[in-house]
Amino acid sequence: MTAFPPPPLRDRLLDPSGGVVYHLRALRHRHRLWAPFHRVVAGWLADWQPPRRELVIVGPNAGYALPAGFLARFEAVTALEPDPLARWLLRRRRDAAQLRFGRLDCLATPDGLAHLAARFPAAAILFSNVLGQLDAPAADWQTLLARHLPRHAWASYHDVISTGACPAHREACTVSGAETLAATLARFWTDRQLEVIDHRSFRLTGSGPFGYAVWPLTPRCWHLVEWARHRPADQA
């Protein structure tokens, strides 16, 4: 690990992937437009049972997608969240009694995940729809996760692509075998000329199964979200 200290997590109230605009969208859409996607996330998290009593959540925002009672599954929860308004809202959840906030920016530098692993050696880690919103600081997220978190139980749901095209099929699915991004997109969109923004986060682990669901951020902006998880070899 580098001798330099990790960067602190700086407050960001205005951010392209969060901030005030995102809170306003949540206020408008979370109980109707976002509700089907949030039910899928709740199912993913219910099935994720890491053998750890400590949890670190990276980028939870206000926890809009986290089901009620999720935080109470753990004896200690640390959230790494740069948005001060999101932290204020997250603290007011009914299941937030054991919640505290950390200041480690683990996604900004190539060794950030190494610092995360060292600071929280006994924790499970949840990347809460954040890795697809940020470019990896080196290589790609799959490489960095495999390099720095092989001994941690971790899970991530993250944007794979975004598009303005409404999907023809909206049912979430699980994919166990090898599959290209184009083949996965074809499960939801039938247009072979689909224009997308690739968030470079497809298949973050070396093996599946992987979950996929569509999330309408707005009525005109759709995201394909992937669910991936890693279990250390000694816990397999």
# chains A, B, ... in the order shown; residues from 1 in each chain; ligands from 1

$ residues_around --residues "His169 of chain A" --least-positions-apart "5" --cutoff "8 Å" --atoms "only C-alpha atoms" --output "ChimeraX atom specification"
/A:187-189

$ select_by_dssp --residues "segment 77-220 of chain A" --states "strand (DSSP E or B)" --output "JSON, numbers by chain"
{"A": [77, 78, 79, 80, 99, 100, 101, 104, 124, 125, 126, 127, 128, 154, 155, 156, 157, 158, 159, 160, 161, 162, 163, 173, 174, 175, 197, 198, 210, 211, 212, 213, 214, 215, 216, 217, 218]}

$ write_last_selection --atoms "N, CA and C atoms" --output "short mmCIF file (atom, residue, chain, number, x, y, z; two decimals), in the first residue's frame"
data_model
loop_
_atom_site.label_atom_id
_atom_site.label_comp_id
_atom_site.auth_asym_id
_atom_site.auth_seq_id
_atom_site.Cartn_x
_atom_site.Cartn_y
_atom_site.Cartn_z
N VAL A 77 -22.84 -0.17 11.34
CA VAL A 77 -22.94 0.24 9.93
C VAL A 77 -22.21 1.55 9.76
N THR A 78 -21.29 1.59 8.79
CA THR A 78 -20.59 2.82 8.44
C THR A 78 -20.98 3.20 7.02
N ALA A 79 -21.41 4.43 6.82
CA ALA A 79 -21.77 4.93 5.50
C ALA A 79 -20.70 5.91 5.03
N LEU A 80 -20.25 5.74 3.81
CA LEU A 80 -19.32 6.67 3.17
C LEU A 80 -20.10 7.43 2.12
N LEU A 99 -25.91 3.37 12.95
CA LEU A 99 -25.26 3.99 11.80
C LEU A 99 -24.29 5.09 12.23
N ARG A 100 -23.12 5.09 11.59
CA ARG A 100 -22.20 6.22 11.74
C ARG A 100 -21.65 6.53 10.35
N PHE A 101 -20.98 7.67 10.23
CA PHE A 101 -20.47 8.11 8.94
C PHE A 101 -18.96 8.18 8.96
N LEU A 104 -13.63 8.36 4.58
CA LEU A 104 -12.68 7.80 3.62
C LEU A 104 -13.25 7.89 2.22
N ALA A 124 -18.51 -6.54 5.91
CA ALA A 124 -19.06 -6.73 4.57
C ALA A 124 -19.22 -5.35 3.94
N ILE A 125 -19.16 -5.29 2.62
CA ILE A 125 -19.17 -4.00 1.93
C ILE A 125 -20.26 -4.01 0.87
N LEU A 126 -21.08 -2.98 0.88
CA LEU A 126 -22.12 -2.81 -0.13
C LEU A 126 -21.86 -1.53 -0.91
N PHE A 127 -21.66 -1.66 -2.21
CA PHE A 127 -21.54 -0.50 -3.09
C PHE A 127 -22.95 -0.21 -3.61
N SER A 128 -23.51 0.91 -3.17
CA SER A 128 -24.93 1.19 -3.36
C SER A 128 -25.15 2.09 -4.57
N TRP A 154 -18.46 -8.77 -0.47
CA TRP A 154 -18.97 -7.50 -0.95
C TRP A 154 -20.06 -7.74 -2.01
N ALA A 155 -20.88 -6.74 -2.17
CA ALA A 155 -21.94 -6.78 -3.18
C ALA A 155 -22.09 -5.38 -3.77
N SER A 156 -22.60 -5.33 -4.98
CA SER A 156 -22.78 -4.05 -5.65
C SER A 156 -23.98 -4.11 -6.57
N TYR A 157 -24.79 -3.09 -6.55
CA TYR A 157 -25.73 -2.87 -7.65
C TYR A 157 -25.33 -1.55 -8.28
N HIS A 158 -25.30 -1.50 -9.60
CA HIS A 158 -24.65 -0.39 -10.29
C HIS A 158 -25.20 -0.25 -11.70
N ASP A 159 -25.15 0.96 -12.23
CA ASP A 159 -25.58 1.23 -13.59
C ASP A 159 -24.62 0.57 -14.58
N VAL A 160 -25.18 -0.15 -15.53
CA VAL A 160 -24.38 -0.74 -16.61
C VAL A 160 -24.44 0.14 -17.85
N ILE A 161 -25.64 0.51 -18.24
CA ILE A 161 -25.82 1.45 -19.36
C ILE A 161 -26.97 2.38 -19.00
N SER A 162 -27.06 3.48 -19.72
CA SER A 162 -28.24 4.33 -19.65
C SER A 162 -28.63 4.70 -21.07
N THR A 163 -29.92 4.94 -21.27
CA THR A 163 -30.44 5.21 -22.61
C THR A 163 -31.75 5.97 -22.50
N CYS A 173 -34.18 -10.15 -14.30
CA CYS A 173 -33.75 -11.51 -14.61
C CYS A 173 -32.41 -11.80 -13.95
N THR A 174 -32.07 -13.08 -13.88
CA THR A 174 -30.79 -13.54 -13.37
C THR A 174 -30.08 -14.30 -14.47
N VAL A 175 -28.79 -14.01 -14.65
CA VAL A 175 -27.98 -14.65 -15.68
C VAL A 175 -26.83 -15.37 -14.99
N ILE A 197 -25.28 4.92 -23.26
CA ILE A 197 -24.05 5.35 -22.59
C ILE A 197 -23.56 4.16 -21.79
N ASP A 198 -22.37 3.70 -22.09
CA ASP A 198 -21.80 2.54 -21.41
C ASP A 198 -21.08 3.02 -20.14
N PHE A 210 -25.52 -13.14 -11.96
CA PHE A 210 -25.71 -11.69 -11.99
C PHE A 210 -27.20 -11.39 -12.12
N GLY A 211 -27.66 -10.39 -11.40
CA GLY A 211 -29.03 -9.94 -11.52
C GLY A 211 -29.09 -8.68 -12.37
N TYR A 212 -30.19 -8.54 -13.11
CA TYR A 212 -30.37 -7.35 -13.96
C TYR A 212 -31.79 -6.83 -13.82
N ALA A 213 -31.91 -5.51 -13.75
CA ALA A 213 -33.22 -4.87 -13.68
C ALA A 213 -33.12 -3.51 -14.35
N VAL A 214 -34.24 -3.04 -14.89
CA VAL A 214 -34.26 -1.70 -15.48
C VAL A 214 -34.79 -0.71 -14.44
N TRP A 215 -34.22 0.46 -14.47
CA TRP A 215 -34.59 1.53 -13.54
C TRP A 215 -34.88 2.79 -14.34
N PRO A 216 -36.12 3.26 -14.33
CA PRO A 216 -36.42 4.54 -14.99
C PRO A 216 -36.05 5.70 -14.08
N LEU A 217 -34.88 6.27 -14.28
CA LEU A 217 -34.48 7.42 -13.48
C LEU A 217 -35.48 8.55 -13.65
N THR A 218 -35.91 8.76 -14.88
CA THR A 218 -37.00 9.66 -15.24
C THR A 218 -37.81 8.96 -16.32
#

$ atom_distance --atom1 "atom CA of Thr184 of chain A" --atom2 "atom CA of Asn129 of chain A"
18.8 Å

$ atom_distance --atom1 "atom CA of Pro67 of chain A" --atom2 "atom CA of His38 of chain A"
7.8 Å
